[in-house]
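Listing of coords.txt; format and content: compact mmCIF, C-alpha atoms and all ligand atoms.
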```txt
# COMPACT_ATOMS: atom_id res chain seq x y z
CA MET A 1 71.95 53.51 -131.26
CA ARG A 2 74.07 50.44 -130.55
CA ASP A 3 74.43 47.05 -132.19
CA ASN A 4 71.88 47.89 -134.94
CA CYS A 5 69.29 48.44 -132.26
CA VAL A 6 67.13 51.45 -131.41
CA LYS A 7 65.44 51.80 -128.00
CA ILE A 8 62.05 53.50 -127.79
CA LEU A 9 60.12 54.25 -124.60
CA CYS A 10 56.32 54.55 -124.84
CA VAL A 11 54.23 56.16 -122.08
CA GLY A 12 50.51 55.48 -121.51
CA ASP A 13 47.75 58.10 -121.26
CA LEU A 14 48.95 60.92 -118.98
CA MET A 15 45.98 62.11 -116.95
CA GLY A 16 45.71 65.84 -116.18
CA THR A 17 48.20 67.80 -114.10
CA PRO A 18 49.42 64.77 -112.08
CA GLY A 19 50.18 62.94 -115.34
CA ARG A 20 52.19 65.86 -116.69
CA ALA A 21 53.98 66.24 -113.36
CA MET A 22 55.00 62.56 -113.33
CA PHE A 23 56.34 62.89 -116.87
CA LYS A 24 58.36 65.99 -115.99
CA LYS A 25 59.78 64.49 -112.79
CA HIS A 26 60.68 60.99 -113.99
CA ILE A 27 61.21 60.89 -117.75
CA ARG A 28 64.85 61.98 -117.66
CA SER A 29 65.92 59.25 -115.24
CA LEU A 30 63.91 56.63 -117.19
CA LYS A 31 65.67 57.74 -120.36
CA GLU A 32 69.07 57.30 -118.71
CA LYS A 33 68.17 54.03 -116.98
CA TYR A 34 67.08 52.32 -120.19
CA ASN A 35 69.48 54.10 -122.58
CA ILE A 36 66.54 55.43 -124.61
CA ASP A 37 66.80 56.94 -128.11
CA GLY A 38 63.21 58.11 -128.60
CA ILE A 39 59.99 58.68 -126.65
CA ILE A 40 56.31 58.33 -127.65
CA VAL A 41 53.62 59.59 -125.25
CA ASN A 42 49.84 59.31 -125.36
CA GLY A 43 48.60 62.86 -124.63
CA GLU A 44 44.82 62.59 -125.11
CA ASN A 45 44.13 63.28 -121.40
CA THR A 46 46.88 65.78 -120.58
CA ALA A 47 44.63 68.87 -120.27
CA HIS A 48 43.87 69.90 -116.67
CA ASP A 49 40.39 68.33 -116.78
CA GLY A 50 41.65 65.10 -118.35
CA ARG A 51 40.02 65.80 -121.69
CA GLY A 52 42.18 66.64 -124.69
CA ILE A 53 45.43 68.49 -125.14
CA THR A 54 46.50 72.07 -125.98
CA PRO A 55 49.40 73.39 -128.10
CA ALA A 56 51.17 74.57 -124.90
CA ILE A 57 51.00 71.04 -123.48
CA VAL A 58 52.43 69.62 -126.70
CA ASP A 59 55.36 72.06 -126.27
CA PHE A 60 55.75 70.96 -122.63
CA LEU A 61 55.87 67.25 -123.50
CA LYS A 62 58.35 67.88 -126.30
CA ARG A 63 60.52 70.03 -124.03
CA TYR A 64 60.86 67.02 -121.71
CA GLY A 65 61.75 64.63 -124.49
CA ALA A 66 58.65 63.39 -126.34
CA ASN A 67 59.36 62.84 -130.04
CA ILE A 68 55.78 62.00 -131.04
CA ILE A 69 52.51 62.40 -129.11
CA THR A 70 49.66 60.01 -129.89
CA SER A 71 46.02 60.35 -128.84
CA GLY A 72 42.56 58.83 -129.13
CA ASN A 73 38.90 59.58 -128.52
CA HIS A 74 39.60 62.80 -126.57
CA ILE A 75 41.82 64.43 -129.23
CA PHE A 76 39.24 67.03 -130.32
CA SER A 77 38.10 68.05 -126.81
CA LYS A 78 39.97 71.39 -126.86
CA ARG A 79 39.28 73.65 -129.83
CA ASP A 80 42.74 75.24 -129.55
CA ILE A 81 44.29 72.05 -130.85
CA TYR A 82 42.47 71.95 -134.21
CA ASN A 83 44.78 74.38 -135.98
CA TYR A 84 47.85 72.76 -134.39
CA LEU A 85 46.77 69.36 -135.74
CA SER A 86 46.34 70.82 -139.22
CA THR A 87 49.83 72.29 -139.30
CA HIS A 88 52.00 69.80 -137.35
CA LYS A 89 52.86 66.10 -137.54
CA ASP A 90 54.28 65.57 -134.04
CA LEU A 91 50.79 65.17 -132.55
CA LEU A 92 48.69 62.38 -134.07
CA ARG A 93 44.95 61.79 -134.10
CA PRO A 94 43.67 58.29 -134.91
CA ALA A 95 44.23 57.58 -138.63
CA ASN A 96 40.74 56.10 -139.04
CA PHE A 97 38.92 59.37 -138.25
CA PRO A 98 37.40 61.00 -141.35
CA ALA A 99 40.04 62.47 -143.67
CA SER A 100 38.25 65.82 -143.37
CA SER A 101 39.02 66.06 -139.62
CA PRO A 102 42.15 68.01 -138.70
CA GLY A 103 45.45 66.17 -138.35
CA VAL A 104 47.07 62.92 -139.46
CA GLY A 105 47.41 59.48 -137.90
CA VAL A 106 50.86 58.58 -139.18
CA SER A 107 54.22 60.29 -138.83
CA THR A 108 57.96 59.70 -138.45
CA PHE A 109 60.81 60.93 -136.31
CA THR A 110 64.54 60.33 -136.58
CA VAL A 111 66.77 59.39 -133.63
CA ALA A 112 70.37 58.16 -133.66
CA GLY A 113 70.23 58.17 -137.47
CA VAL A 114 67.19 55.84 -137.54
CA THR A 115 63.77 56.80 -138.89
CA VAL A 116 60.93 55.50 -136.70
CA GLY A 117 57.37 55.43 -138.04
CA VAL A 118 54.42 55.90 -135.68
CA VAL A 119 50.80 54.97 -136.43
CA ASN A 120 47.80 55.85 -134.24
CA VAL A 121 44.42 54.15 -134.75
CA GLN A 122 41.29 53.85 -132.64
CA GLY A 123 39.17 50.78 -131.99
CA ARG A 124 35.43 50.57 -132.71
CA VAL A 125 34.27 47.87 -130.26
CA PHE A 126 32.42 49.65 -127.39
CA MET A 127 33.64 52.95 -128.92
CA ARG A 128 32.73 55.06 -131.96
CA GLU A 129 31.32 52.48 -134.34
CA LEU A 130 31.23 54.89 -137.28
CA LEU A 131 34.99 55.29 -137.56
CA SER A 132 36.48 53.56 -140.59
CA CYS A 133 38.18 50.18 -140.12
CA PRO A 134 41.27 50.47 -137.87
CA PHE A 135 42.80 47.37 -139.47
CA LYS A 136 42.61 48.82 -142.99
CA ALA A 137 43.74 52.26 -141.78
CA ALA A 138 46.77 50.75 -140.05
CA GLU A 139 47.56 48.61 -143.11
CA SER A 140 47.51 51.71 -145.36
CA ALA A 141 49.71 53.63 -142.91
CA VAL A 142 52.24 50.78 -142.85
CA MET A 143 52.32 50.66 -146.66
CA PHE A 144 52.97 54.42 -146.64
CA LEU A 145 55.83 54.06 -144.11
CA LYS A 146 57.56 50.96 -145.51
CA PRO A 147 59.63 52.79 -148.18
CA GLN A 148 61.03 54.97 -145.36
CA THR A 149 61.60 52.49 -142.54
CA ASN A 150 61.03 48.99 -141.12
CA CYS A 151 60.86 50.39 -137.59
CA ILE A 152 57.14 51.06 -137.11
CA ILE A 153 55.24 51.41 -133.83
CA VAL A 154 51.43 51.34 -133.61
CA ASP A 155 49.38 52.87 -130.75
CA MET A 156 46.00 51.08 -130.92
CA HIS A 157 43.67 53.20 -128.78
CA ALA A 158 40.87 50.80 -127.99
CA GLU A 159 38.58 49.39 -125.31
CA ALA A 160 38.44 45.72 -126.28
CA THR A 161 41.38 43.36 -125.74
CA SER A 162 40.32 41.25 -128.72
CA GLU A 163 40.43 44.20 -131.11
CA LYS A 164 43.92 45.20 -129.93
CA MET A 165 45.22 41.64 -130.09
CA GLY A 166 43.61 41.16 -133.49
CA LEU A 167 45.45 44.16 -134.89
CA ALA A 168 48.76 42.83 -133.54
CA TYR A 169 48.28 39.43 -135.20
CA PHE A 170 47.05 41.14 -138.39
CA LEU A 171 50.27 43.21 -138.56
CA ASP A 172 52.67 40.58 -137.16
CA GLY A 173 55.94 40.77 -139.09
CA GLN A 174 54.98 44.09 -140.72
CA VAL A 175 55.61 46.37 -137.72
CA SER A 176 57.91 46.45 -134.70
CA CYS A 177 55.18 46.79 -132.06
CA VAL A 178 51.44 47.12 -131.57
CA TYR A 179 50.58 48.41 -128.11
CA GLY A 180 47.25 49.33 -126.61
CA THR A 181 46.15 52.51 -124.84
CA HIS A 182 42.81 53.92 -123.56
CA THR A 183 41.95 51.58 -120.68
CA HIS A 184 44.63 53.23 -118.47
CA VAL A 185 45.37 49.86 -116.82
CA GLN A 186 48.69 48.23 -117.63
CA THR A 187 48.36 44.58 -118.63
CA ALA A 188 50.95 41.84 -117.97
CA ASP A 189 50.74 40.12 -121.37
CA GLU A 190 53.71 41.65 -123.17
CA ARG A 191 55.33 39.28 -125.66
CA ILE A 192 56.87 39.04 -129.12
CA LEU A 193 54.66 37.33 -131.70
CA ALA A 194 55.92 34.63 -134.09
CA ALA A 195 56.93 36.96 -136.96
CA GLY A 196 58.65 39.53 -134.71
CA THR A 197 56.04 42.11 -133.67
CA ALA A 198 56.00 43.04 -129.97
CA TYR A 199 52.58 43.27 -128.35
CA ILE A 200 50.93 44.38 -125.11
CA THR A 201 47.20 44.93 -124.62
CA ASP A 202 47.58 48.18 -122.64
CA ILE A 203 50.65 50.09 -121.50
CA GLY A 204 48.84 51.95 -118.68
CA MET A 205 48.66 55.60 -117.61
CA GLY A 206 50.21 58.41 -115.59
CA GLY A 207 48.33 60.04 -112.71
CA ALA A 208 46.79 59.40 -109.28
CA ILE A 209 46.70 55.80 -108.06
CA ASP A 210 43.69 56.10 -105.72
CA SER A 211 41.37 56.97 -108.58
CA MET A 212 39.40 55.36 -111.37
CA ILE A 213 41.62 55.65 -114.44
CA GLY A 214 42.89 58.98 -113.06
CA MET A 215 39.51 60.47 -112.15
CA LYS A 216 38.04 61.01 -108.65
CA ARG A 217 36.30 57.75 -107.89
CA HIS A 218 33.29 58.98 -105.86
CA ALA A 219 31.60 60.75 -108.79
CA ILE A 220 32.06 57.70 -111.01
CA ILE A 221 30.66 55.33 -108.37
CA HIS A 222 27.69 57.69 -107.91
CA ASN A 223 27.10 57.58 -111.66
CA LEU A 224 27.35 53.77 -111.72
CA LEU A 225 24.93 53.41 -108.80
CA THR A 226 22.33 55.96 -109.85
CA GLN A 227 22.79 56.35 -113.63
CA MET A 228 22.48 60.09 -112.92
CA PRO A 229 24.86 62.63 -114.50
CA SER A 230 27.86 63.46 -112.33
CA LYS A 231 30.88 65.63 -112.90
CA PHE A 232 34.07 63.64 -113.42
CA GLU A 233 37.18 65.43 -112.13
CA VAL A 234 40.87 64.54 -112.25
CA GLU A 235 42.16 63.14 -108.92
CA LEU A 236 44.97 65.38 -107.69
CA GLU A 237 45.87 63.59 -104.43
CA GLY A 238 48.82 61.21 -104.34
CA PRO A 239 50.32 58.67 -104.43
CA TYR A 240 50.90 58.66 -108.18
CA HIS A 241 52.12 56.24 -110.85
CA MET A 242 53.28 56.27 -114.47
CA HIS A 243 53.41 53.24 -116.76
CA GLY A 244 54.79 52.33 -120.15
CA ILE A 245 57.06 50.03 -122.11
CA VAL A 246 60.61 49.99 -123.44
CA LEU A 247 61.15 48.48 -126.88
CA SER A 248 64.43 47.32 -128.44
CA ILE A 249 64.07 47.17 -132.20
CA ASP A 250 66.46 45.69 -134.78
CA THR A 251 66.99 48.60 -137.16
CA LYS A 252 67.71 46.37 -140.17
CA THR A 253 64.69 44.08 -139.96
CA GLY A 254 62.32 46.21 -137.87
CA LYS A 255 61.62 43.18 -135.67
CA ALA A 256 61.35 43.64 -131.91
CA ARG A 257 64.17 42.17 -129.83
CA THR A 258 62.64 42.90 -126.44
CA ILE A 259 59.56 44.47 -124.88
CA GLU A 260 59.69 45.38 -121.20
CA ARG A 261 57.08 47.03 -118.97
CA PHE A 262 57.97 49.80 -116.51
CA LYS A 263 56.08 51.37 -113.62
CA VAL A 264 57.18 54.38 -111.55
CA ILE A 265 55.50 55.20 -108.23
CA ASP A 266 55.82 58.54 -106.41
CA GLU A 267 54.31 59.63 -103.09
CA TYR A 268 54.58 63.38 -103.69
CA LEU A 269 54.38 65.81 -106.63
CA ASP A 270 54.56 69.62 -106.51
CA LEU A 271 51.40 70.43 -108.48
CA SER A 272 51.88 74.18 -107.79
CA ASP A 273 54.90 74.17 -110.15
CA PRO A 274 54.23 77.17 -112.50
CA GLU A 275 55.27 75.07 -115.51
CA LEU A 276 52.31 72.78 -114.84
CA LYS A 277 49.80 75.64 -115.03
CA GLU A 278 47.85 75.12 -118.21
CA LYS A 279 47.91 77.65 -121.03
FE FE B 301 42.79 57.94 -122.14
FE FE B 302 40.81 57.18 -124.67
```
As structure tokens, please, write out the structure in this file.
Amino acid sequence: MRDNCVKILCVGDLMGTPGRAMFKKHIRSLKEKYNIDGIIVNGENTAHDGRGITPAIVDFLKRYGANIITSGNHIFSKRDIYNYLSTHKDLLRPANFPASSPGVGVSTFTVAGVTVGVVNVQGRVFMRELLSCPFKAAESAVMFLKPQTNCIIVDMHAEATSEKMGLAYFLDGQVSCVYGTHTHVQTADERILAAGTAYITDIGMGGAIDSMIGMKRHAIIHNLLTQMPSKFEVELEGPYHMHGIVLSIDTKTGKARTIERFKVIDEYLDLSDPELKEK
């Protein structure tokens, strides 16, 4: 930490083995380049088939520097993760899922002597309409965190731009940043709102570029054309990219000083690396 400022790097949805490989290969140099104190990663698609996450993948992401892993609609895709969610707070599920589902949607980590709060909520527009209100869930989580810290970052996992932007304006001045995930496409609308909350509609993804949100495109096009079932598979062929943001946060006020997008492109990844084999 320097000059009462903490720097946090947030990575968008990592898709399958290519997403994990990009994180392993590039996160260390990103951390050095931007002088980063802490890292938040969305891990809902990190399993080999792009659906869910396992305890071994959580360990992998943490080994390479993730402090907190957020998620979204795919969080319960792998049964192995249920017990992990019930017993750990470094992997979040959306806070507006039923309280009876495993896991929590709010947590903290401490870096450079600063406590950072993280909130994960999921949108309802064009998604699961029966989830409880993400605005009220986020508001409750912020009230819970405020006695501990002003530095609070919200991952709003949602489809609709309006719902993400609405949450940012709703929480403006109460949190350091609201950023979107889930669409896997990085948007160019990053800014700091009037009362000091940084905002971007979607921070992007990690995985194959010549794909549809990280999946092989032919099966998806077939499905769109025919409305017939087709098997969606993670695209393994390069080139690859990984997107996210870097936040500078005033540790006294919790207000954002800067929000900056990053994008890394790589032509080649060694996907036969034994560490990338899923357990
Ligand atoms: Fe995703
Ligand atoms: Fe998602």
Atom CA of Asp90 of chain A sits from atom CA of Ile192 of chain A at a separation of 27.1 Å
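Using all atoms listed in the file, the shortest contact distance between Ala160 of chain A and any of A:Val121, A:Met127, A:Val41, A:Ile27 is found at A:Met127.
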Q.
Need to verify the contact set: Tyr169 of chain A, 9 Å, only C-alpha atoms, exclusion of same-chain residues closer than 3 positions in sequence. Can you return it as a VMD selection string?
A. chain A and resid 164 to 166 172 to 173 193 197 199
Would you write out those residues with C-alpha atoms, as an mmCIF file, keeping the file's coordinate frame?
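Everything below was put into selection-v6.cif:
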```
data_model
loop_
_atom_site.group_PDB
_atom_site.id
_atom_site.type_symbol
_atom_site.label_atom_id
_atom_site.label_comp_id
_atom_site.auth_asym_id
_atom_site.auth_seq_id
_atom_site.Cartn_x
_atom_site.Cartn_y
_atom_site.Cartn_z
ATOM 1 C CA LYS A 164 43.920 45.200 -129.930
ATOM 2 C CA MET A 165 45.220 41.640 -130.090
ATOM 3 C CA GLY A 166 43.610 41.160 -133.490
ATOM 4 C CA ASP A 172 52.670 40.580 -137.160
ATOM 5 C CA GLY A 173 55.940 40.770 -139.090
ATOM 6 C CA LEU A 193 54.660 37.330 -131.700
ATOM 7 C CA THR A 197 56.040 42.110 -133.670
ATOM 8 C CA TYR A 199 52.580 43.270 -128.350
#
```
Around segment 188-191 of chain A, with edges along x, y and z and 5 Å added on all six sides, what centre and edge lengths do you get, in Å to one decimal, as AutoDock Vina command-line options?
```
--center_x 53.0 --center_y 40.6 --center_z -121.8 --size_x 14.6 --size_y 12.6 --size_z 17.7
```
Fill in: Within 9 Å of ligand FE 301 (chain B), counting all atoms listed in the file, residues as a list in words
Gly12, Asp13, Leu14, Met15, Asn42, Gly43, Glu44, Asn45, Thr46, Gly50, Arg51, Ser71, Gly72, Asn73, His74, His157, Thr181, His182, Thr183, His184, Met205 and Ile213 of chain A
With only C-alpha atoms as the counted atoms, please give the residues lying no more than 9 Å from Ala168 of chain A, apart from itself and same-chain residues fewer than 6 positions off, as a PDB file with C-alpha atoms, in the frame of the given file.
```pdb
ATOM      1  CA  VAL A 154      51.430  51.340-133.610  1.00  0.00           C
ATOM      2  CA  VAL A 175      55.610  46.370-137.720  1.00  0.00           C
ATOM      3  CA  CYS A 177      55.180  46.790-132.060  1.00  0.00           C
ATOM      4  CA  VAL A 178      51.440  47.120-131.570  1.00  0.00           C
ATOM      5  CA  TYR A 179      50.580  48.410-128.110  1.00  0.00           C
ATOM      6  CA  LEU A 193      54.660  37.330-131.700  1.00  0.00           C
ATOM      7  CA  THR A 197      56.040  42.110-133.670  1.00  0.00           C
ATOM      8  CA  ALA A 198      56.000  43.040-129.970  1.00  0.00           C
ATOM      9  CA  TYR A 199      52.580  43.270-128.350  1.00  0.00           C
ATOM     10  CA  ILE A 200      50.930  44.380-125.110  1.00  0.00           C
TER      11      ILE A 200
END
```
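With all atoms listed in the file as the atoms that count, the residue of A:Thr110, A:Gly117, A:Ala138, A:Ala47 with the shortest distance to Ile81 of chain A is A:Ala47.
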Shortest contact to Lys277 of chain A, candidates A:Asp3, A:Lys24, A:Leu30, A:His48, atoms counted all atoms listed in the file, goes to A:His48
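Distance annotation: of A:Thr70, A:Thr17, A:Ser86, A:Ser162, the residue with the minimal separation from Tyr240 of chain A is A:Thr17; atom set is only C-alpha atoms.
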Open item on the list: I'd like the neighbourhood of Ile39 of chain A as a list in words, where a residue qualifies if any of its atoms comes within 7 Å (using only C-alpha atoms), though same-chain residues fewer than 5 positions away should be ignored.
Closed with: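 After dropping sequence-adjacent residues, the list is Ile8, Leu9, Cys10, Gly65, Ala66, Asn67 and Ile68 of chain A.
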So, counting only C-alpha atoms and all ligand atoms, which residue among A:Glu163, A:Gly204, A:Leu85, A:Cys151 is closest to ligand FE 302 (chain B)?
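Among A:Glu163, A:Gly204, A:Leu85, A:Cys151, it is A:Gly204 that comes nearest to ligand FE 302 (chain B).
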Atomic distance atom CA of Thr149 of chain A - atom CA of Val6 of chain A, expressed in Å with one decimal |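 The value is 12.5 Å.
Closest approach to ligand FE 302 (chain B) among A:Arg28, A:His88, A:Arg124, A:Arg79: A:Arg124, based on only C-alpha atoms and all ligand atoms.
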Missing atoms in segment 185-197 of chain A need filling: write out N, CA and C atoms for it as a PDB file, in the frame of the given file.
```pdb
ATOM      1  N   VAL A 185      44.931  50.917-117.743  1.00  0.00           N
ATOM      2  CA  VAL A 185      45.370  49.860-116.820  1.00  0.00           C
ATOM      3  C   VAL A 185      46.411  49.010-117.532  1.00  0.00           C
ATOM      4  N   GLN A 186      47.619  48.975-116.959  1.00  0.00           N
ATOM      5  CA  GLN A 186      48.690  48.230-117.630  1.00  0.00           C
ATOM      6  C   GLN A 186      48.443  46.727-117.506  1.00  0.00           C
ATOM      7  N   THR A 187      48.565  46.028-118.624  1.00  0.00           N
ATOM      8  CA  THR A 187      48.360  44.580-118.630  1.00  0.00           C
ATOM      9  C   THR A 187      49.723  43.861-118.595  1.00  0.00           C
ATOM     10  N   ALA A 188      49.704  42.597-118.180  1.00  0.00           N
ATOM     11  CA  ALA A 188      50.950  41.840-117.970  1.00  0.00           C
ATOM     12  C   ALA A 188      51.146  40.794-119.065  1.00  0.00           C
ATOM     13  N   ASP A 189      50.704  41.109-120.295  1.00  0.00           N
ATOM     14  CA  ASP A 189      50.740  40.120-121.370  1.00  0.00           C
ATOM     15  C   ASP A 189      51.740  40.467-122.468  1.00  0.00           C
ATOM     16  N   GLU A 190      52.765  41.263-122.135  1.00  0.00           N
ATOM     17  CA  GLU A 190      53.710  41.650-123.170  1.00  0.00           C
ATOM     18  C   GLU A 190      54.450  40.425-123.712  1.00  0.00           C
ATOM     19  N   ARG A 191      54.618  40.403-125.025  1.00  0.00           N
ATOM     20  CA  ARG A 191      55.330  39.280-125.660  1.00  0.00           C
ATOM     21  C   ARG A 191      55.701  39.667-127.083  1.00  0.00           C
ATOM     22  N   ILE A 192      56.528  38.837-127.705  1.00  0.00           N
ATOM     23  CA  ILE A 192      56.870  39.040-129.120  1.00  0.00           C
ATOM     24  C   ILE A 192      56.216  37.923-129.913  1.00  0.00           C
ATOM     25  N   LEU A 193      55.403  38.297-130.900  1.00  0.00           N
ATOM     26  CA  LEU A 193      54.660  37.330-131.700  1.00  0.00           C
ATOM     27  C   LEU A 193      55.603  36.599-132.670  1.00  0.00           C
ATOM     28  N   ALA A 194      55.083  35.560-133.321  1.00  0.00           N
ATOM     29  CA  ALA A 194      55.920  34.630-134.090  1.00  0.00           C
ATOM     30  C   ALA A 194      56.762  35.306-135.172  1.00  0.00           C
ATOM     31  N   ALA A 195      56.205  36.329-135.840  1.00  0.00           N
ATOM     32  CA  ALA A 195      56.930  36.960-136.960  1.00  0.00           C
ATOM     33  C   ALA A 195      57.700  38.207-136.520  1.00  0.00           C
ATOM     34  N   GLY A 196      57.743  38.489-135.189  1.00  0.00           N
ATOM     35  CA  GLY A 196      58.650  39.530-134.710  1.00  0.00           C
ATOM     36  C   GLY A 196      58.036  40.827-134.243  1.00  0.00           C
ATOM     37  N   THR A 197      56.701  40.892-134.161  1.00  0.00           N
ATOM     38  CA  THR A 197      56.040  42.110-133.670  1.00  0.00           C
ATOM     39  C   THR A 197      55.796  41.995-132.160  1.00  0.00           C
TER      40      THR A 197
END
```
